[in-house]
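Heads up, upload_22.txt below (compact mmCIF, C-alpha atoms and all ligand atoms):
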# COMPACT_ATOMS: atom_id res chain seq x y z
CA MET A 87 12.71 -37.28 -18.34
CA SER A 88 9.88 -37.85 -20.81
CA GLN A 89 7.20 -38.44 -18.18
CA THR A 90 4.71 -35.59 -17.88
CA VAL A 91 1.87 -34.76 -15.52
CA THR A 92 -1.33 -33.28 -16.92
CA LEU A 93 -3.56 -30.99 -14.90
CA THR A 94 -6.02 -28.17 -15.49
CA ILE A 95 -5.85 -24.60 -14.22
CA ASP A 96 -9.10 -22.68 -14.58
CA GLY A 97 -10.14 -25.24 -17.15
CA ALA A 98 -7.02 -24.90 -19.31
CA LYS A 99 -5.04 -28.12 -19.73
CA ILE A 100 -1.32 -27.78 -18.92
CA GLU A 101 1.58 -30.18 -18.59
CA GLY A 102 4.38 -30.28 -16.06
CA GLN A 103 7.15 -32.50 -14.78
CA PRO A 104 6.70 -34.83 -11.79
CA GLY A 105 7.78 -33.13 -8.58
CA GLN A 106 7.07 -29.64 -9.89
CA MET A 107 4.96 -27.34 -7.73
CA ILE A 108 1.71 -25.89 -9.08
CA LEU A 109 3.18 -22.37 -9.12
CA GLY A 110 6.18 -23.39 -11.24
CA ALA A 111 4.21 -25.56 -13.66
CA ALA A 112 1.67 -22.77 -14.15
CA GLN A 113 4.43 -20.25 -14.72
CA GLU A 114 6.01 -22.36 -17.45
CA ALA A 115 2.62 -22.53 -19.13
CA GLY A 116 2.29 -18.74 -19.02
CA ILE A 117 -0.15 -18.61 -16.10
CA TYR A 118 0.75 -16.21 -13.32
CA ILE A 119 -0.11 -17.24 -9.79
CA PRO A 120 0.43 -14.27 -7.45
CA ARG A 121 3.12 -14.83 -4.81
CA LEU A 122 5.14 -12.93 -2.24
CA CYS A 123 7.20 -15.24 -0.05
CA HIS A 124 8.15 -17.36 -3.04
CA LYS A 125 11.11 -16.41 -5.17
CA ASP A 126 12.25 -18.56 -8.08
CA GLY A 127 15.35 -20.52 -7.12
CA LEU A 128 14.72 -20.53 -3.37
CA THR A 129 13.17 -23.35 -1.33
CA PRO A 130 9.40 -22.71 -1.19
CA HIS A 131 8.32 -21.27 2.14
CA GLY A 132 4.52 -21.44 2.02
CA SER A 133 4.02 -18.67 4.55
CA CYS A 134 2.30 -15.71 2.87
CA ARG A 135 -0.57 -17.73 1.32
CA VAL A 136 -0.95 -15.17 -1.47
CA CYS A 137 -0.46 -18.03 -3.95
CA THR A 138 -3.49 -19.86 -2.56
CA VAL A 139 -5.40 -21.79 -5.23
CA MET A 140 -8.24 -24.27 -4.99
CA VAL A 141 -6.98 -27.79 -5.55
CA ASN A 142 -9.77 -30.26 -6.08
CA GLY A 143 -11.96 -27.84 -4.12
CA ARG A 144 -9.60 -27.19 -1.18
CA PRO A 145 -7.43 -24.10 -0.59
CA MET A 146 -3.71 -24.96 -0.97
CA SER A 147 -0.55 -22.90 -1.43
CA ALA A 148 0.56 -23.26 -5.05
CA CYS A 149 4.26 -22.77 -4.19
CA THR A 150 4.42 -25.86 -1.94
CA THR A 151 1.88 -28.22 -3.51
CA PRO A 152 3.31 -30.67 -6.08
CA ILE A 153 1.29 -31.29 -9.22
CA THR A 154 -0.46 -34.64 -9.66
CA GLU A 155 -2.12 -36.28 -12.64
CA GLY A 156 -5.63 -35.01 -13.28
CA MET A 157 -5.43 -32.27 -10.63
CA VAL A 158 -8.10 -29.57 -10.97
CA VAL A 159 -6.77 -26.15 -9.98
CA GLU A 160 -8.68 -22.89 -9.71
CA ASN A 161 -6.56 -19.74 -9.76
CA ASP A 162 -8.31 -16.74 -11.24
CA THR A 163 -11.76 -16.80 -9.63
CA GLU A 164 -13.60 -14.14 -7.67
CA GLN A 165 -13.52 -16.31 -4.53
CA ILE A 166 -9.72 -16.65 -4.61
CA SER A 167 -9.15 -13.06 -5.64
CA SER A 168 -11.09 -11.82 -2.64
CA LEU A 169 -9.08 -14.12 -0.39
CA ARG A 170 -5.82 -12.80 -1.82
CA ARG A 171 -7.05 -9.22 -1.54
CA ASP A 172 -7.72 -9.80 2.17
CA LEU A 173 -4.20 -11.13 2.69
CA ILE A 174 -2.66 -8.14 0.93
CA ASP A 175 -4.86 -5.78 2.96
CA MET A 176 -3.66 -7.42 6.16
CA LEU A 177 -0.01 -7.09 5.17
CA PHE A 178 -0.56 -3.38 4.61
CA VAL A 179 -2.26 -2.67 7.93
CA GLU A 180 0.07 -4.88 9.99
CA GLY A 181 3.15 -2.86 9.06
CA ASN A 182 3.93 0.79 8.45
CA HIS A 183 4.00 1.08 4.69
CA PHE A 184 4.55 4.73 3.82
CA CYS A 185 4.64 4.29 0.05
CA MET A 186 4.85 8.02 -0.59
CA PHE A 187 8.48 8.21 0.54
CA CYS A 188 9.66 4.61 0.30
CA GLU A 189 12.70 4.08 -1.97
CA ARG A 190 11.15 0.83 -3.14
CA SER A 191 7.89 2.37 -4.31
CA GLY A 192 7.21 1.46 -7.93
CA ASN A 193 9.46 -1.60 -7.64
CA CYS A 194 7.79 -3.13 -4.57
CA GLU A 195 6.08 -6.49 -4.96
CA LEU A 196 3.57 -5.92 -2.14
CA GLN A 197 2.51 -2.59 -3.62
CA ALA A 198 2.43 -4.10 -7.12
CA LEU A 199 0.10 -6.86 -5.94
CA ALA A 200 -2.22 -4.27 -4.40
CA TYR A 201 -2.23 -2.47 -7.76
CA ARG A 202 -2.91 -5.70 -9.63
CA PHE A 203 -5.86 -6.45 -7.38
CA GLY A 204 -7.20 -2.91 -7.71
CA ILE A 205 -6.93 -2.11 -4.00
CA THR A 206 -7.41 1.59 -3.29
CA ALA A 207 -7.69 1.29 0.51
CA PRO A 208 -7.40 -1.63 2.93
CA LYS A 209 -10.58 -2.79 4.57
CA TYR A 210 -8.99 -3.47 7.97
CA PRO A 211 -7.95 -0.81 10.51
CA TYR A 212 -4.28 0.19 10.52
CA MET A 213 -2.28 -1.13 13.45
CA PHE A 214 0.72 1.24 13.35
CA PRO A 215 3.09 -1.15 15.12
CA ASP A 216 6.18 0.28 16.77
CA ARG A 217 9.18 -1.23 14.97
CA ASP A 218 12.80 -0.26 14.48
CA VAL A 219 15.41 0.62 11.89
CA ASP A 220 18.95 -0.79 11.76
CA ALA A 221 21.15 1.58 9.76
CA THR A 222 24.44 0.54 11.34
CA HIS A 223 25.90 -0.98 8.18
CA PRO A 224 27.66 1.48 5.84
CA ASP A 225 25.92 0.22 2.67
CA ILE A 226 22.70 -1.53 3.76
CA MET A 227 19.81 -0.74 6.03
CA ILE A 228 16.89 -2.68 7.50
CA ASP A 229 13.62 -0.86 8.03
CA ARG A 230 11.49 -3.33 9.94
CA HIS A 231 8.41 -1.11 9.61
CA ARG A 232 8.18 -2.45 6.06
CA CYS A 233 9.07 -6.10 6.68
CA ILE A 234 6.35 -8.59 5.72
CA LEU A 235 8.17 -11.61 7.20
CA CYS A 236 8.41 -13.42 3.89
CA GLY A 237 11.75 -15.00 4.78
CA ARG A 238 13.28 -14.41 1.37
CA CYS A 239 16.34 -12.74 2.93
CA VAL A 240 16.71 -15.63 5.36
CA ARG A 241 16.65 -18.26 2.61
CA SER A 242 18.73 -16.27 0.11
CA SER A 243 21.46 -15.71 2.65
CA GLN A 244 21.61 -19.41 3.47
CA GLU A 245 20.95 -20.98 0.08
CA VAL A 246 22.54 -18.53 -2.35
CA ASP A 247 25.13 -16.57 -0.37
CA GLY A 248 26.18 -19.51 1.79
CA LYS A 249 25.92 -17.31 4.88
CA ASN A 250 23.37 -17.05 7.65
CA VAL A 251 22.89 -13.35 8.12
CA PHE A 252 19.13 -13.18 8.76
CA GLN A 253 16.81 -15.21 10.99
CA PHE A 254 13.37 -14.82 12.48
CA VAL A 255 12.98 -14.36 16.21
CA GLY A 256 9.81 -14.13 18.30
CA ARG A 257 6.35 -15.38 17.51
CA GLY A 258 3.03 -13.90 16.37
CA GLU A 259 2.94 -10.13 16.61
CA GLU A 260 6.43 -10.17 18.13
CA LYS A 261 7.99 -11.96 15.18
CA ARG A 262 10.70 -10.00 13.43
CA VAL A 263 13.68 -10.48 11.21
CA ALA A 264 16.87 -10.43 13.27
CA VAL A 265 20.54 -10.44 12.29
CA ASN A 266 23.12 -13.03 13.18
CA ALA A 267 25.32 -10.85 15.39
CA GLU A 268 25.64 -9.66 18.95
CA ALA A 269 24.28 -6.22 18.15
CA ALA A 270 23.43 -5.08 14.66
CA LEU A 271 23.73 -5.49 10.89
CA ALA A 272 27.18 -3.84 10.82
CA ASP A 273 28.53 -6.71 12.95
CA THR A 274 27.47 -9.45 10.50
CA ASN A 275 29.36 -10.77 7.47
CA VAL A 276 26.69 -9.38 5.13
CA ASP A 277 27.86 -7.75 1.93
CA VAL A 278 26.05 -5.26 -0.27
CA THR A 279 26.42 -7.66 -3.22
CA ASP A 280 24.66 -10.53 -1.37
CA ALA A 281 21.62 -12.08 -3.05
CA ALA A 282 19.81 -11.61 0.26
CA ILE A 283 19.80 -7.86 -0.24
CA GLU A 284 18.13 -8.14 -3.65
CA ALA A 285 15.69 -10.77 -2.40
CA CYS A 286 13.55 -8.47 -0.26
CA PRO A 287 10.26 -7.91 -2.10
CA VAL A 288 9.56 -4.67 -0.24
CA GLY A 289 11.63 -1.77 1.08
CA ALA A 290 12.66 -3.51 4.30
CA ILE A 291 16.22 -4.25 3.19
CA ILE A 292 17.61 -1.48 1.06
CA LYS A 293 20.95 -0.35 -0.27
CA LYS A 294 22.03 3.06 0.84
CA ARG A 295 22.66 5.95 -1.56
CA VAL A 296 20.79 4.46 -4.52
CA GLY A 297 17.23 5.39 -3.54
CA TYR A 298 15.00 6.95 -6.21
CA VAL A 299 17.55 6.43 -9.02
CA VAL A 300 14.85 5.19 -11.37
CA PRO A 301 12.43 8.05 -12.13
CA ILE A 302 8.66 7.69 -11.78
CA GLY A 303 7.30 6.33 -15.05
CA LYS A 304 10.31 4.06 -15.60
CA ARG A 305 9.92 1.77 -12.60
CA LEU A 306 9.03 -1.92 -12.75
CA TYR A 307 5.31 -1.67 -12.09
CA ASP A 308 4.49 1.84 -13.33
CA HIS A 309 2.79 0.69 -16.53
CA LYS A 310 2.17 -3.04 -16.37
CA PRO A 311 0.86 -5.14 -13.48
CA ILE A 312 3.16 -7.56 -11.71
CA GLY A 313 2.92 -10.98 -13.37
CA SER A 314 2.29 -9.64 -16.87
CA GLU A 315 5.85 -10.65 -17.85
CA ILE A 316 4.90 -14.27 -17.09
CA GLU A 317 1.58 -13.97 -18.88
CA ALA A 318 3.31 -12.43 -21.91
CA ASP A 319 5.89 -15.25 -21.98
CA GLY A 320 3.11 -17.79 -21.96
CA ALA A 321 1.33 -16.15 -24.87
CA VAL A 322 4.50 -16.68 -26.92
CA THR A 323 5.32 -20.24 -25.88
CA ALA A 324 1.87 -21.75 -25.24
CA LYS A 325 1.23 -22.81 -28.80
CA MET B 68 -31.77 22.89 -13.36
CA ALA B 69 -29.22 23.93 -10.75
CA LYS B 70 -25.73 22.50 -11.15
CA PRO B 71 -24.61 19.80 -8.75
CA LYS B 72 -22.30 21.02 -6.01
CA ILE B 73 -18.84 19.91 -4.95
CA ALA B 74 -17.27 20.54 -1.55
CA THR B 75 -13.63 20.00 -0.64
CA THR B 76 -11.57 20.19 2.53
CA SER B 77 -8.04 19.64 3.74
CA LEU B 78 -7.93 17.97 7.15
CA ALA B 79 -4.51 16.70 8.32
CA GLY B 80 -3.04 17.15 4.86
CA CYS B 81 -0.55 19.47 3.18
CA PHE B 82 -2.86 20.93 0.50
CA GLY B 83 -0.90 18.97 -2.10
CA CYS B 84 -4.05 17.13 -3.17
CA HIS B 85 -5.81 20.45 -3.67
CA MET B 86 -2.85 21.63 -5.73
CA SER B 87 -3.22 18.50 -7.81
CA LEU B 88 -6.88 19.35 -8.38
CA LEU B 89 -5.80 22.77 -9.65
CA ASP B 90 -3.35 20.90 -11.86
CA ILE B 91 -6.24 19.88 -14.14
CA ASP B 92 -5.32 23.24 -15.68
CA GLU B 93 -7.80 24.72 -18.14
CA ARG B 94 -10.16 21.80 -17.53
CA ILE B 95 -11.09 23.69 -14.36
CA LEU B 96 -13.21 25.88 -16.68
CA ALA B 97 -15.04 22.83 -17.97
CA LEU B 98 -15.51 21.69 -14.38
CA ALA B 99 -16.97 25.09 -13.46
CA GLU B 100 -19.47 24.62 -16.30
CA ILE B 101 -20.87 21.43 -14.81
CA VAL B 102 -20.56 22.04 -11.05
CA ASP B 103 -20.66 24.75 -8.45
CA PHE B 104 -18.15 24.74 -5.64
CA ASP B 105 -19.68 24.84 -2.17
CA LYS B 106 -17.66 24.73 1.07
CA SER B 107 -14.05 24.60 -0.06
CA PRO B 108 -10.74 26.39 0.44
CA LEU B 109 -10.76 27.01 -3.32
CA ASP B 110 -13.58 29.56 -3.08
CA ASP B 111 -13.21 30.22 0.65
CA ILE B 112 -16.83 29.29 1.45
CA LYS B 113 -16.62 28.32 5.13
CA THR B 114 -19.95 26.60 5.77
CA PHE B 115 -22.17 24.37 3.66
CA THR B 116 -24.92 26.24 1.79
CA GLY B 117 -26.82 23.07 0.88
CA ARG B 118 -26.65 19.48 -0.24
CA CYS B 119 -23.57 18.48 -2.29
CA ALA B 120 -23.22 15.73 -4.86
CA VAL B 121 -19.55 15.09 -4.14
CA GLY B 122 -17.25 15.81 -1.21
CA LEU B 123 -13.49 15.49 -1.57
CA ILE B 124 -11.54 14.79 1.62
CA GLU B 125 -7.83 15.49 1.78
CA GLY B 126 -5.98 14.38 4.91
CA GLY B 127 -6.84 12.15 7.84
CA CYS B 128 -8.05 13.13 11.30
CA ALA B 129 -5.37 14.38 13.68
CA HIS B 130 -7.53 16.40 16.08
CA GLU B 131 -11.14 16.86 17.15
CA GLU B 132 -11.91 19.61 14.65
CA ASN B 133 -10.87 17.33 11.75
CA VAL B 134 -13.44 14.82 13.01
CA GLU B 135 -16.18 17.45 13.22
CA VAL B 136 -15.49 18.70 9.69
CA LEU B 137 -15.39 15.16 8.32
CA ARG B 138 -18.72 14.28 9.93
CA ASP B 139 -20.19 17.52 8.58
CA PHE B 140 -19.03 16.48 5.09
CA ARG B 141 -20.60 13.07 5.46
CA LYS B 142 -23.86 14.72 6.48
CA HIS B 143 -23.93 17.08 3.49
CA CYS B 144 -22.46 15.00 0.65
CA ASP B 145 -24.07 12.21 -1.37
CA VAL B 146 -20.72 10.74 -2.35
CA LEU B 147 -17.68 11.16 -0.15
CA ILE B 148 -14.22 10.53 -1.59
CA SER B 149 -10.93 10.13 0.24
CA VAL B 150 -8.37 11.89 -1.92
CA GLY B 151 -4.72 11.06 -1.38
CA ASP B 152 -2.69 8.85 0.91
CA CYS B 153 -3.19 10.95 4.08
CA ALA B 154 -6.97 10.58 3.91
CA ILE B 155 -6.60 6.90 3.08
CA SER B 156 -3.88 5.79 5.50
CA GLY B 157 -3.15 8.77 7.73
CA GLY B 158 -0.05 9.41 5.63
CA ILE B 159 2.89 11.50 6.81
CA PRO B 160 1.05 12.91 9.88
CA ALA B 161 0.44 9.29 10.96
CA MET B 162 4.17 8.85 11.44
CA ARG B 163 3.47 10.03 14.98
CA ASN B 164 1.18 7.05 15.55
CA MET B 165 4.08 4.90 16.71
CA VAL B 166 4.87 7.39 19.48
CA PRO B 167 2.54 8.03 22.44
CA LEU B 168 0.80 11.43 22.13
CA GLN B 169 2.28 12.76 25.39
CA GLU B 170 5.80 12.10 24.12
CA CYS B 171 5.02 13.78 20.79
CA LEU B 172 3.79 16.95 22.50
CA GLN B 173 6.72 16.94 24.92
CA GLU B 174 9.22 16.72 22.05
CA ALA B 175 7.44 19.26 19.85
CA TYR B 176 6.80 21.91 22.50
CA VAL B 177 9.26 21.33 25.33
CA ASP B 178 12.29 19.13 24.63
CA GLY B 179 12.96 19.67 20.91
CA PRO B 180 16.42 21.21 20.21
CA SER B 181 14.97 24.30 18.48
CA VAL B 182 12.04 24.86 20.85
CA HIS B 183 11.73 28.19 22.65
CA ASN B 184 8.95 27.80 25.17
CA PRO B 185 9.65 29.43 28.52
CA ALA B 186 6.33 28.14 29.89
CA GLY B 187 7.74 24.60 29.57
CA VAL B 188 4.35 23.01 28.84
CA PRO B 189 2.57 22.23 25.57
CA PRO B 190 0.07 24.98 24.63
CA ASN B 191 -3.45 24.25 25.82
CA ASP B 192 -5.49 27.28 24.84
CA PRO B 193 -9.19 26.27 24.60
CA ASP B 194 -9.23 27.58 21.00
CA ILE B 195 -6.71 24.96 19.91
CA PRO B 196 -8.45 21.73 18.91
CA LEU B 197 -7.50 18.76 21.07
CA MET B 198 -5.17 16.27 19.45
CA LEU B 199 -6.45 12.72 18.97
CA ASP B 200 -4.46 9.81 20.41
CA LYS B 201 -3.35 9.05 16.86
CA VAL B 202 -4.04 10.11 13.28
CA TYR B 203 -6.99 8.23 11.76
CA PRO B 204 -7.70 7.61 8.10
CA ALA B 205 -11.02 9.12 7.00
CA HIS B 206 -12.71 5.75 6.47
CA GLU B 207 -12.03 4.76 10.08
CA VAL B 208 -14.15 7.76 11.17
CA VAL B 209 -17.03 7.94 8.66
CA LYS B 210 -18.16 5.86 5.69
CA ILE B 211 -16.15 6.72 2.59
CA ASP B 212 -17.53 5.78 -0.84
CA TYR B 213 -14.40 5.95 -2.98
CA HIS B 214 -10.65 6.16 -2.44
CA LEU B 215 -8.31 7.90 -4.86
CA PRO B 216 -4.77 7.13 -3.69
CA GLY B 217 -1.59 8.98 -4.55
CA CYS B 218 0.74 11.53 -3.00
CA PRO B 219 -0.79 13.48 -4.54
CA PRO B 220 -3.26 11.65 -6.81
CA PRO B 221 -2.54 12.73 -10.38
CA ALA B 222 -4.70 15.54 -11.76
CA ASP B 223 -5.87 13.20 -14.55
CA MET B 224 -7.16 10.75 -11.97
CA LEU B 225 -9.12 13.42 -10.10
CA TRP B 226 -10.51 14.71 -13.38
CA GLU B 227 -11.55 11.29 -14.66
CA ALA B 228 -13.11 10.33 -11.34
CA LEU B 229 -15.12 13.55 -11.08
CA VAL B 230 -16.33 13.38 -14.67
CA ALA B 231 -17.39 9.75 -14.25
CA LEU B 232 -19.22 10.35 -10.97
CA LEU B 233 -20.97 13.52 -12.13
CA ASN B 234 -22.20 11.66 -15.21
CA ASN B 235 -23.34 8.63 -13.21
CA LYS B 236 -20.75 6.45 -14.92
CA PRO B 237 -18.87 3.68 -13.13
CA LEU B 238 -15.44 4.64 -11.82
CA ASP B 239 -13.12 2.58 -13.98
CA LEU B 240 -9.65 4.06 -13.66
CA PRO B 241 -6.78 2.83 -15.84
CA TYR B 242 -3.90 0.90 -14.18
CA GLU B 243 -1.40 3.71 -14.76
CA LEU B 244 -3.38 6.23 -12.72
CA VAL B 245 -3.89 4.25 -9.52
CA LYS B 246 -0.59 4.56 -7.64
CA TYR B 247 0.33 5.09 -3.99
CA ASP B 248 3.05 7.68 -4.61
S1 LIG C 401 13.41 -8.12 5.42
FE1 LIG C 401 12.44 -8.28 3.38
S2 LIG C 401 13.08 -10.32 2.63
FE2 LIG C 401 13.46 -10.32 4.84
S3 LIG C 401 11.61 -11.20 5.76
FE3 LIG C 401 11.34 -8.95 5.76
S4 LIG C 401 10.24 -8.49 3.84
FE4 LIG C 401 11.07 -10.60 3.64
S1 LIG C 402 4.06 -17.62 -2.37
FE1 LIG C 402 3.14 -19.48 -1.74
S2 LIG C 402 2.72 -19.14 0.36
FE2 LIG C 402 3.83 -17.32 -0.23
Would you encode the structure as structure tokens?
Amino acid sequence: MSQTVTLTIDGAKIEGQPGQMILGAAQEAGIYIPRLCHKDGLTPHGSCRVCTVMVNGRPMSACTTPITEGMVVENDTEQISSLRRDLIDMLFVEGNHFCMFCERSGNCELQALAYRFGITAPKYPYMFPDRDVDATHPDIMIDRHRCILCGRCVRSSQEVDGKNVFQFVGRGEEKRVAVNAEAALADTNVDVTDAAIEACPVGAIIKKRVGYVVPIGKRLYDHKPIGSEIEADGAVTAK
Amino acid sequence: MAKPKIATTSLAGCFGCHMSLLDIDERILALAEIVDFDKSPLDDIKTFTGRCAVGLIEGGCAHEENVEVLRDFRKHCDVLISVGDCAISGGIPAMRNMVPLQECLQEAYVDGPSVHNPAGVPPNDPDIPLMLDKVYPAHEVVKIDYHLPGCPPPADMLWEALVALLNNKPLDLPYELVKYD
């Protein structure tokens, strides 16, 4: 398809294909739009709002908004950064995120976003919700204290693994990720090699017996902020 | 001119953050050149002797005495810093926050498998500070000016932060130093 759509992001002119979402078009142009519930290859979910950008002056989620000709997008502004910071703060206080002993620390996307935005403490009071752990499966465990309800496991299981292991139940504060079985994770057809297990951005779904294998200093986000791999790509391909 | 003073305390913490401060190694001599230590477990001064430029808080508030000490620090320090994850989020002690206090005490002092307590009730000597309903981060009790996360925060971070603050420079810590673990 030779047809292209031209838009601007923070004043920079970029091109994309019709039907592409803002987040994807930006990414191909080497512009990182922060995201949590979105994972490349999965149907966009539009639930975390971390990818919020201003489109022609209105806040929209970049992962679910298709690009249009002449669209004016703001991504890296103080107004949007403070909005995103608030969302990240809320995700931290709504769950029980004990980074100091979490196996995912250093490779966690929520934590990495907090680092990228320079958060040293959340501005909202901690809620300390009472949640549970499902360690029934021999190779996998769910720690719901850390779940941010992004739905990446739900979509990966359906769209990539061709199964239906995870689903949300309940609403509002009661909402939680449940498993498709009478009792627990061990009773599902989940497998440790499922894409759904890798899809979790935080330490809510983890493989057993591989925690802390990567030493501090060698983990994904120890030295470079999340998104810098996209920004680096862009620097190479932009011109 | 008298040197500015630093005070430090460990509330509901494990002293790991204080160990990290000692981990600045021989730079502690340079620090001693530019500051005096006031109330702190490092020099064992128990009560404030005057106004302090900087107060370092390790640990959150688990009982009433933690709250009193924290308020005393706020009163005496120009700049108050939460040092480490326990001060910032409650940390490991806050793992009890998901369990009602009564149940915690019952398990710890009566029902626990290794408990020997013929009295069969949690201790309630008036000298023992009363537990709070849950563990609170320092900034939910008093105003905190800066947060230095980490478990513990790296010695280099504590050093850079102190040097910047004592020289009236902005606190601009490099990406690598600001971590939650
Ligand atoms: S378990 Fe992980 S992937 Fe699934 S909804 Fe929770 S945070 Fe998202
Ligand atoms: S990444 Fe777009 S709403 Fe979550």
Inset, instruction - Residues within 6 Å of ligand LIG 402 (chain C), counting only C-alpha atoms and all ligand atoms: report them as a PyMOL selection string. - result: chain A and resi 121-124+132-137+147-149
Inset, instruction - Could you please determine the separation between CA of Leu215 (chain B) and CA of Ser314 (chain A) in Å, to one decimal place? - result: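 Here the two named atoms are 23.8 Å from each other.
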Residues of chain A within 12 Å of chain B, all atoms listed in the file counted, as a PDB file with C-alpha atoms, in the frame of the given file:
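Here's the written file selection.pdb:
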ATOM      1  CA  ASP A 175      -4.860  -5.780   2.960  1.00  0.00           C
ATOM      2  CA  PHE A 178      -0.560  -3.380   4.610  1.00  0.00           C
ATOM      3  CA  VAL A 179      -2.260  -2.670   7.930  1.00  0.00           C
ATOM      4  CA  GLY A 181       3.150  -2.860   9.060  1.00  0.00           C
ATOM      5  CA  ASN A 182       3.930   0.790   8.450  1.00  0.00           C
ATOM      6  CA  HIS A 183       4.000   1.080   4.690  1.00  0.00           C
ATOM      7  CA  PHE A 184       4.550   4.730   3.820  1.00  0.00           C
ATOM      8  CA  CYS A 185       4.640   4.290   0.050  1.00  0.00           C
ATOM      9  CA  MET A 186       4.850   8.020  -0.590  1.00  0.00           C
ATOM     10  CA  PHE A 187       8.480   8.210   0.540  1.00  0.00           C
ATOM     11  CA  CYS A 188       9.660   4.610   0.300  1.00  0.00           C
ATOM     12  CA  GLU A 189      12.700   4.080  -1.970  1.00  0.00           C
ATOM     13  CA  ARG A 190      11.150   0.830  -3.140  1.00  0.00           C
ATOM     14  CA  SER A 191       7.890   2.370  -4.310  1.00  0.00           C
ATOM     15  CA  GLY A 192       7.210   1.460  -7.930  1.00  0.00           C
ATOM     16  CA  ASN A 193       9.460  -1.600  -7.640  1.00  0.00           C
ATOM     17  CA  CYS A 194       7.790  -3.130  -4.570  1.00  0.00           C
ATOM     18  CA  LEU A 196       3.570  -5.920  -2.140  1.00  0.00           C
ATOM     19  CA  GLN A 197       2.510  -2.590  -3.620  1.00  0.00           C
ATOM     20  CA  ALA A 198       2.430  -4.100  -7.120  1.00  0.00           C
ATOM     21  CA  LEU A 199       0.100  -6.860  -5.940  1.00  0.00           C
ATOM     22  CA  ALA A 200      -2.220  -4.270  -4.400  1.00  0.00           C
ATOM     23  CA  TYR A 201      -2.230  -2.470  -7.760  1.00  0.00           C
ATOM     24  CA  ARG A 202      -2.910  -5.700  -9.630  1.00  0.00           C
ATOM     25  CA  PHE A 203      -5.860  -6.450  -7.380  1.00  0.00           C
ATOM     26  CA  GLY A 204      -7.200  -2.910  -7.710  1.00  0.00           C
ATOM     27  CA  ILE A 205      -6.930  -2.110  -4.000  1.00  0.00           C
ATOM     28  CA  THR A 206      -7.410   1.590  -3.290  1.00  0.00           C
ATOM     29  CA  ALA A 207      -7.690   1.290   0.510  1.00  0.00           C
ATOM     30  CA  PRO A 208      -7.400  -1.630   2.930  1.00  0.00           C
ATOM     31  CA  LYS A 209     -10.580  -2.790   4.570  1.00  0.00           C
ATOM     32  CA  TYR A 210      -8.990  -3.470   7.970  1.00  0.00           C
ATOM     33  CA  PRO A 211      -7.950  -0.810  10.510  1.00  0.00           C
ATOM     34  CA  TYR A 212      -4.280   0.190  10.520  1.00  0.00           C
ATOM     35  CA  MET A 213      -2.280  -1.130  13.450  1.00  0.00           C
ATOM     36  CA  PHE A 214       0.720   1.240  13.350  1.00  0.00           C
ATOM     37  CA  PRO A 215       3.090  -1.150  15.120  1.00  0.00           C
ATOM     38  CA  ASP A 216       6.180   0.280  16.770  1.00  0.00           C
ATOM     39  CA  ARG A 217       9.180  -1.230  14.970  1.00  0.00           C
ATOM     40  CA  ASP A 218      12.800  -0.260  14.480  1.00  0.00           C
ATOM     41  CA  HIS A 231       8.410  -1.110   9.610  1.00  0.00           C
ATOM     42  CA  ILE A 302       8.660   7.690 -11.780  1.00  0.00           C
ATOM     43  CA  GLY A 303       7.300   6.330 -15.050  1.00  0.00           C
ATOM     44  CA  LYS A 304      10.310   4.060 -15.600  1.00  0.00           C
ATOM     45  CA  ARG A 305       9.920   1.770 -12.600  1.00  0.00           C
ATOM     46  CA  TYR A 307       5.310  -1.670 -12.090  1.00  0.00           C
ATOM     47  CA  ASP A 308       4.490   1.840 -13.330  1.00  0.00           C
ATOM     48  CA  HIS A 309       2.790   0.690 -16.530  1.00  0.00           C
ATOM     49  CA  LYS A 310       2.170  -3.040 -16.370  1.00  0.00           C
ATOM     50  CA  PRO A 311       0.860  -5.140 -13.480  1.00  0.00           C
ATOM     51  CA  ILE A 312       3.160  -7.560 -11.710  1.00  0.00           C
TER      52      ILE A 312
END
Inset, instruction - Would you list the residues near (21.1, 0.7, 6.7), meaning any protein, DNA or RNA residue with an atom at most 9 Å from that point in file coordinates, counting all atoms listed in the file, as number ranges by chain? - result: A: 219-229, 271-272, 291-294
Inset, instruction - Name each residue within 6 Å of ligand LIG 401 (chain C), counting all atoms listed in the file, as an MDAnalysis selection string. - result: chainID A and resid 233:239 263 285:288 290:291
C-alpha atoms of the current selection, written as a PDB file, in the coordinates of the input:
ATOM      1  CA  CYS A 233       9.070  -6.100   6.680  1.00  0.00           C
ATOM      2  CA  ILE A 234       6.350  -8.590   5.720  1.00  0.00           C
ATOM      3  CA  LEU A 235       8.170 -11.610   7.200  1.00  0.00           C
ATOM      4  CA  CYS A 236       8.410 -13.420   3.890  1.00  0.00           C
ATOM      5  CA  GLY A 237      11.750 -15.000   4.780  1.00  0.00           C
ATOM      6  CA  ARG A 238      13.280 -14.410   1.370  1.00  0.00           C
ATOM      7  CA  CYS A 239      16.340 -12.740   2.930  1.00  0.00           C
ATOM      8  CA  VAL A 263      13.680 -10.480  11.210  1.00  0.00           C
ATOM      9  CA  ALA A 285      15.690 -10.770  -2.400  1.00  0.00           C
ATOM     10  CA  CYS A 286      13.550  -8.470  -0.260  1.00  0.00           C
ATOM     11  CA  PRO A 287      10.260  -7.910  -2.100  1.00  0.00           C
ATOM     12  CA  VAL A 288       9.560  -4.670  -0.240  1.00  0.00           C
ATOM     13  CA  ALA A 290      12.660  -3.510   4.300  1.00  0.00           C
ATOM     14  CA  ILE A 291      16.220  -4.250   3.190  1.00  0.00           C
TER      15      ILE A 291
END
